[in-house]
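**Student:** Just so it is clear, I am handing over work12.tsv, which has TSV, C-alpha atoms.
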chain	number	residue	atom	x	y	z
A	42	MET	CA	-14.91	-9.71	-30.79
A	43	SER	CA	-12.71	-6.58	-30.66
A	44	GLY	CA	-15.10	-4.90	-28.24
A	45	TYR	CA	-14.79	-7.87	-25.90
A	46	GLY	CA	-11.01	-7.64	-26.07
A	47	PHE	CA	-11.17	-3.94	-25.25
A	48	TRP	CA	-13.22	-4.72	-22.14
A	49	LEU	CA	-10.87	-7.47	-20.94
A	50	SER	CA	-7.82	-5.24	-21.33
A	51	ALA	CA	-9.53	-2.30	-19.63
A	52	ALA	CA	-10.51	-4.56	-16.72
A	53	GLY	CA	-6.90	-5.73	-16.50
A	54	MET	CA	-5.73	-2.11	-16.26
A	55	LYS	CA	-8.25	-1.40	-13.51
A	56	VAL	CA	-7.15	-4.44	-11.50
A	57	ASN	CA	-3.47	-3.57	-11.73
A	58	GLU	CA	-4.14	0.07	-10.89
A	59	HIS	CA	-5.85	-1.21	-7.73
A	60	ARG	CA	-2.90	-3.48	-6.95
A	61	GLN	CA	-0.51	-0.54	-7.33
A	62	ALA	CA	-2.53	1.63	-4.95
A	63	VAL	CA	-2.60	-1.10	-2.29
A	64	HIS	CA	1.12	-1.84	-2.62
A	65	ALA	CA	1.96	1.88	-2.51
A	66	ASN	CA	0.07	2.33	0.77
A	67	ASN	CA	1.79	-0.72	2.23
A	68	MET	CA	5.16	0.62	1.10
A	69	ALA	CA	4.49	3.98	2.75
A	70	ASN	CA	3.87	2.15	6.05
A	71	SER	CA	6.75	-0.33	5.86
A	72	ASN	CA	8.34	1.36	8.90
A	73	THR	CA	5.11	1.96	10.86
A	74	THR	CA	5.03	0.22	14.25
A	75	GLY	CA	2.52	-2.64	14.31
A	76	PHE	CA	1.30	-1.95	10.76
A	77	LYS	CA	-0.69	-4.73	9.08
A	78	GLN	CA	-0.47	-4.89	5.32
A	79	ASP	CA	-3.47	-4.88	3.02
A	80	LEU	CA	-3.80	-7.66	0.47
A	81	ALA	CA	-5.06	-6.66	-2.96
A	82	MET	CA	-7.88	-9.05	-3.83
A	83	VAL	CA	-9.35	-9.77	-7.27
A	84	MET	CA	-12.07	-12.08	-8.47
A	85	GLN	CA	-12.76	-13.83	-11.74
A	86	ARG	CA	-15.68	-12.33	-13.62
A	87	ASP	CA	-18.19	-14.63	-15.26
A	88	ILE	CA	-18.62	-14.41	-18.99
A	89	GLU	CA	-21.28	-11.94	-20.13
A	90	SER	CA	-23.80	-14.61	-21.10
A	91	VAL	CA	-23.71	-15.93	-17.52
A	92	GLU	CA	-23.41	-12.66	-15.58
A	93	ASN	CA	-26.05	-10.71	-17.49
A	94	ALA	CA	-29.72	-11.28	-16.59
A	95	GLY	CA	-30.57	-11.60	-20.28
A	96	GLY	CA	-27.59	-13.83	-20.93
A	97	ALA	CA	-29.36	-16.40	-23.09
A	98	ARG	CA	-29.56	-13.99	-26.01
A	99	LEU	CA	-25.90	-13.03	-25.56
A	100	ARG	CA	-24.48	-16.50	-25.99
A	101	HIS	CA	-21.71	-16.85	-28.55
A	102	PRO	CA	-19.90	-20.11	-29.37
A	103	VAL	CA	-16.50	-18.39	-29.43
A	104	LEU	CA	-16.87	-15.83	-26.62
A	105	ASP	CA	-18.35	-18.42	-24.26
A	106	GLN	CA	-15.03	-20.29	-24.42
A	107	LEU	CA	-13.12	-17.23	-23.19
A	108	ALA	CA	-12.58	-16.07	-19.63
A	109	GLY	CA	-14.65	-13.18	-18.33
A	110	GLY	CA	-11.64	-11.22	-17.10
A	111	LEU	CA	-11.06	-9.95	-13.57
A	112	ASN	CA	-12.80	-7.59	-11.17
A	113	VAL	CA	-11.50	-5.79	-8.08
A	114	ARG	CA	-12.58	-7.11	-4.68
A	115	GLN	CA	-12.35	-5.36	-1.33
A	116	SER	CA	-8.87	-5.60	0.13
A	117	THR	CA	-8.34	-7.75	3.19
A	118	ILE	CA	-5.98	-7.18	6.11
A	119	ASP	CA	-3.12	-9.55	6.83
A	120	PHE	CA	-2.97	-9.80	10.64
A	121	SER	CA	0.10	-12.03	10.73
A	122	GLN	CA	2.86	-11.28	13.24
A	123	GLY	CA	5.40	-8.64	12.32
A	124	PRO	CA	9.10	-8.81	13.26
A	125	ILE	CA	10.06	-7.94	16.85
A	126	GLU	CA	12.52	-5.05	17.03
A	127	ASN	CA	14.42	-4.27	20.23
A	128	THR	CA	14.38	-0.62	21.34
A	129	ARG	CA	15.34	-0.92	25.04
A	130	LYS	CA	12.78	1.77	25.84
A	131	PRO	CA	10.83	0.87	29.01
A	132	LEU	CA	7.48	2.09	27.58
A	133	ASP	CA	7.77	0.01	24.41
A	134	VAL	CA	6.06	-3.38	24.32
A	135	ALA	CA	5.63	-5.83	21.47
A	136	LEU	CA	2.62	-8.15	21.40
A	137	GLN	CA	3.58	-11.73	20.59
A	138	GLY	CA	0.88	-13.80	18.94
A	139	LYS	CA	-2.74	-12.82	18.48
A	140	GLY	CA	-4.38	-9.87	20.19
A	141	PHE	CA	-4.66	-6.10	20.28
A	142	PHE	CA	-4.09	-3.30	22.74
A	143	SER	CA	-7.18	-1.23	23.51
A	144	VAL	CA	-7.11	2.58	23.41
A	145	SER	CA	-9.70	5.32	23.88
A	146	ASP	CA	-9.96	9.05	23.19
A	147	GLY	CA	-12.82	9.36	25.69
A	148	LYS	CA	-15.45	8.97	22.97
A	149	THR	CA	-14.63	5.79	21.11
A	150	THR	CA	-12.60	2.66	21.79
A	151	GLN	CA	-10.26	1.39	19.11
A	152	TYR	CA	-7.64	-1.35	18.87
A	153	THR	CA	-4.02	-1.37	17.78
A	154	ARG	CA	-0.84	-3.42	17.58
A	155	ASN	CA	1.24	-0.29	18.14
A	156	GLY	CA	2.96	-0.85	21.48
A	157	GLU	CA	5.08	2.28	21.27
A	158	PHE	CA	3.72	4.10	24.32
A	159	ALA	CA	4.38	7.43	26.05
A	160	ILE	CA	3.14	9.35	29.10
A	161	ASN	CA	1.00	12.47	28.66
A	162	ARG	CA	0.75	15.54	30.90
A	163	GLU	CA	-1.89	13.85	33.03
A	164	SER	CA	0.52	10.97	33.76
A	165	GLU	CA	-1.59	8.61	31.62
A	166	LEU	CA	-0.15	5.93	29.37
A	167	VAL	CA	-0.93	6.87	25.75
A	168	MET	CA	-0.22	5.54	22.29
A	169	SER	CA	2.54	7.42	20.55
A	170	GLY	CA	1.29	9.66	17.75
A	171	GLY	CA	-2.22	11.06	17.48
A	172	ASP	CA	-1.24	14.02	19.71
A	173	GLY	CA	-1.33	11.69	22.72
A	174	LYS	CA	-5.13	11.59	22.70
A	175	TRP	CA	-5.38	7.79	22.56
A	176	ARG	CA	-5.13	6.60	26.15
A	177	VAL	CA	-4.12	2.99	26.68
A	178	LEU	CA	-6.72	0.93	28.54
A	179	GLY	CA	-5.99	-1.59	31.25
A	180	ASP	CA	-7.56	-5.00	31.72
A	181	ASP	CA	-10.31	-3.25	33.70
A	182	GLY	CA	-11.26	-1.16	30.66
A	183	ARG	CA	-10.08	2.11	32.20
A	184	PRO	CA	-7.22	4.43	31.13
A	185	ILE	CA	-3.94	3.55	32.80
A	186	SER	CA	-2.82	6.30	35.19
A	187	LEU	CA	0.70	6.37	36.54
A	188	ALA	CA	2.17	8.05	39.61
A	189	SER	CA	4.18	11.11	38.67
A	190	ASP	CA	6.79	10.25	41.33
A	191	GLY	CA	6.34	6.51	41.52
A	192	GLY	CA	9.84	5.60	40.46
A	193	PRO	CA	11.11	3.57	37.47
A	194	LEU	CA	8.46	1.92	35.33
A	195	ARG	CA	8.63	-1.70	34.20
A	196	ILE	CA	6.24	-3.76	32.11
A	197	ALA	CA	6.31	-7.53	32.67
A	198	ASP	CA	5.77	-10.20	30.02
A	199	ASP	CA	2.12	-10.59	31.09
A	200	GLY	CA	1.48	-6.84	30.76
A	201	THR	CA	1.68	-6.03	34.48
A	202	ILE	CA	2.96	-2.47	35.00
A	203	ARG	CA	5.08	-1.71	38.04
A	204	GLN	CA	6.47	1.55	39.33
A	205	GLY	CA	9.15	0.80	41.86
A	206	LYS	CA	7.73	-2.08	43.91
A	207	ASN	CA	4.09	-1.18	43.31
A	208	VAL	CA	1.78	-2.75	40.72
A	209	VAL	CA	-0.17	0.15	39.19
A	210	ALA	CA	-2.06	-1.54	36.34
A	211	LYS	CA	-2.10	-4.30	33.79
A	212	LEU	CA	-2.40	-3.84	30.04
A	213	GLY	CA	-5.64	-5.04	28.49
A	214	PHE	CA	-5.40	-7.52	25.60
A	215	PHE	CA	-8.29	-8.35	23.28
A	216	VAL	CA	-9.13	-10.59	20.32
A	217	ALA	CA	-11.98	-10.34	17.84
A	218	ASP	CA	-14.64	-13.00	17.37
A	219	ASN	CA	-14.39	-12.25	13.66
A	220	GLU	CA	-11.07	-10.67	12.77
A	221	LYS	CA	-12.17	-10.23	9.14
A	222	ALA	CA	-14.85	-7.79	10.32
A	223	MET	CA	-12.24	-5.38	11.69
A	224	ARG	CA	-11.51	-2.31	9.57
A	225	LYS	CA	-8.65	0.17	9.54
A	226	ALA	CA	-9.66	3.47	11.14
A	227	GLY	CA	-6.55	5.55	10.46
A	228	GLU	CA	-3.78	6.47	12.91
A	229	ASN	CA	-2.71	2.80	12.98
A	230	LEU	CA	-6.00	1.86	14.66
A	231	PHE	CA	-8.64	-0.78	13.97
A	232	ASP	CA	-12.39	-0.34	14.31
A	233	ALA	CA	-14.16	-3.37	15.78
A	234	SER	CA	-17.75	-2.09	15.78
A	235	LYS	CA	-18.80	-4.98	13.50
A	236	THR	CA	-17.53	-7.73	15.79
A	237	GLU	CA	-17.25	-8.58	19.46
A	238	MET	CA	-13.93	-8.17	21.27
A	239	LYS	CA	-12.99	-10.51	24.11
A	240	SER	CA	-10.38	-10.06	26.82
A	241	ILE	CA	-7.49	-12.55	26.75
A	242	ASN	CA	-4.17	-13.23	28.40
A	243	ALA	CA	-1.28	-12.40	26.12
A	244	THR	CA	2.48	-12.15	26.18
A	245	VAL	CA	4.50	-9.04	25.43
A	246	ARG	CA	8.18	-8.30	25.15
A	247	SER	CA	9.22	-5.18	27.03
A	248	GLY	CA	11.72	-2.81	25.46
A	249	ALA	CA	10.68	-3.83	21.96
A	250	ILE	CA	8.11	-3.04	19.28
A	251	GLU	CA	6.43	-5.05	16.56
A	252	GLY	CA	7.46	-3.87	13.13
A	253	SER	CA	5.32	-3.78	10.01
A	254	ASN	CA	4.51	-7.21	8.56
A	255	PHE	CA	5.01	-5.79	5.06
A	256	SER	CA	8.23	-6.66	3.27
A	257	ALA	CA	9.44	-3.63	1.30
A	258	ILE	CA	11.55	-5.84	-0.98
A	259	LYS	CA	8.65	-8.14	-1.88
A	260	GLY	CA	6.39	-5.11	-2.19
A	261	LEU	CA	8.72	-3.44	-4.67
A	262	SER	CA	8.76	-6.60	-6.80
A	263	ALA	CA	4.95	-6.73	-6.68
A	264	MET	CA	4.71	-3.06	-7.73
A	265	ILE	CA	7.02	-3.69	-10.70
A	266	GLU	CA	4.93	-6.72	-11.69
A	267	ALA	CA	1.68	-4.71	-11.46
A	268	THR	CA	3.20	-1.87	-13.51
A	269	ARG	CA	4.29	-4.24	-16.27
A	270	ALA	CA	0.88	-5.92	-16.33
A	271	TYR	CA	-0.81	-2.51	-16.54
A	272	GLN	CA	1.44	-1.48	-19.44
A	273	LEU	CA	0.80	-4.78	-21.22
A	274	ASN	CA	-2.96	-4.29	-21.05
A	275	ALA	CA	-2.58	-0.69	-22.26
A	276	THR	CA	-0.53	-1.97	-25.21
A	277	MET	CA	-3.20	-4.56	-26.00
A	278	ILE	CA	-5.83	-1.80	-26.15
A	279	GLN	CA	-3.65	0.14	-28.59
A	280	LEU	CA	-3.17	-2.92	-30.77
A	281	GLN	CA	-6.89	-3.72	-30.75
A	282	ASP	CA	-7.65	-0.12	-31.64
A	283	GLN	CA	-5.29	-0.36	-34.61
A	284	VAL	CA	-6.82	-3.66	-35.76
A	285	THR	CA	-10.35	-2.23	-35.44
A	286	GLY	CA	-9.33	0.86	-37.39
A	287	GLN	CA	-7.82	-1.24	-40.16
A	288	ALA	CA	-10.92	-3.46	-40.29
A	289	VAL	CA	-13.19	-0.43	-40.63
A	290	THR	CA	-11.00	1.02	-43.38
A	291	THR	CA	-10.84	-2.28	-45.25
A	292	VAL	CA	-14.58	-2.91	-45.01
A	293	GLY	CA	-15.20	0.62	-46.18
A	294	ARG	CA	-13.05	0.15	-49.26
A	295	VAL	CA	-14.73	-3.17	-50.13
A	296	ALA	CA	-18.15	-1.59	-49.74
Please lay out the structure from this file as structure tokens.
**Tutor:**
Amino acid sequence: MSGYGFWLSAAGMKVNEHRQAVHANNMANSNTTGFKQDLAMVMQRDIESVENAGGARLRHPVLDQLAGGLNVRQSTIDFSQGPIENTRKPLDVALQGKGFFSVSDGKTTQYTRNGEFAINRESELVMSGGDGKWRVLGDDGRPISLASDGGPLRIADDGTIRQGKNVVAKLGFFVADNEKAMRKAGENLFDASKTEMKSINATVRSGAIEGSNFSAIKGLSAMIEATRAYQLNATMIQLQDQVTGQAVTTVGRVA
């Protein structure tokens, strides 16, 4: 019985350590433009007599009435809309609703919700950060090139880019057939190699960015909760160790 209790408490520590790691990463990105929080996922573990291939010989009338504890599952991404924050910068755009911008470094194509753009030395529209290597793609799938002397730049609600009176390009917007198949690729990018991306019409707000959809206040509360749960499981292991030690000592004296 005590060994089973040790396992349940150890599993509880592992789960809450995982929760802490996920929350900490979310917290570190609470001010990252277009960041999508990870959700720490857990699953209920079957009791040993059910999970184990030789479970029939492991059945126990008491243990079979207990839960099997928890196991860590792969985290999932919450793609819900983040808050829109006004910046009044002409190269900033915030996607409203579903969709992603498409960017390329010349080798691979990735997707992002980061609409904080800049212009590189080649007069190309690029995603801020990443040393300007991620060029923003238009609805034709090609990098968006701007005229160096084309006048003031404006981005309309439908993603149309104008310099002066001339239309120079239109932002490309894409959605995934299976959003759950998308994976984070670093640099605030998403890899969509496991799903098909389709072009869509979307709406943006110029002079604004989409903030992180992670609430730092709720995240802090979740981190405190996970810490307390971790400490509780650690205390349970200590108590079970003491009980086991006393049982061994008592049995030894009786023997």
**Student:** What is the distance, in Å and to one decimal place, between CA of Ala275 in chain A and CA of Ala263 in chain A?
**Tutor:** 18.3 Å
**Student:** My list of candidates is A:Val83, A:Ile250, A:Ile196, A:Ile202. Which is closest to Thr128 in chain A when distances are computed with all atoms listed in the file?
**Tutor:**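 Under the stated criterion, the closest residue is A:Ile250.
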**Student:** Closest to Asn67 in chain A among A:Leu273, A:Ala249, A:Ala222, A:Ala257, using all atoms listed in the file?
**Tutor:**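 Closest candidate: A:Ala257.
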**Student:** Please provide the set of residues having any atom within 9 Å of Met168 in chain A, restricted to only C-alpha atoms, with same-chain residues fewer than 3 positions apart removed, written as a list in words.
**Tutor:**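 Counting only the stated atoms, we get Val144, Asn155, Gly156, Glu157, Phe158, Ala159, Ile160, Gly171, Asp172, Gly173, Lys174, Trp175, Arg176 and Val177 of chain A.
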**Student:** Please provide as a list in words all residues within 7 Å of Leu187 in chain A, with the sequence filter that same-chain residues fewer than 4 positions apart are discarded (counting all atoms listed in the file).
**Tutor:**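 The filter keeps Ser164, Glu165 and Val209 of chain A.
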**Student:** Which residue, A:Leu280, A:Met84, A:Ala62, A:Met68, has the smallest gap to Lys259 in chain A when you use all atoms listed in the file?
**Tutor:**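 Ranking A:Leu280, A:Met84, A:Ala62, A:Met68 by distance to Lys259 in chain A, first place goes to A:Met68.
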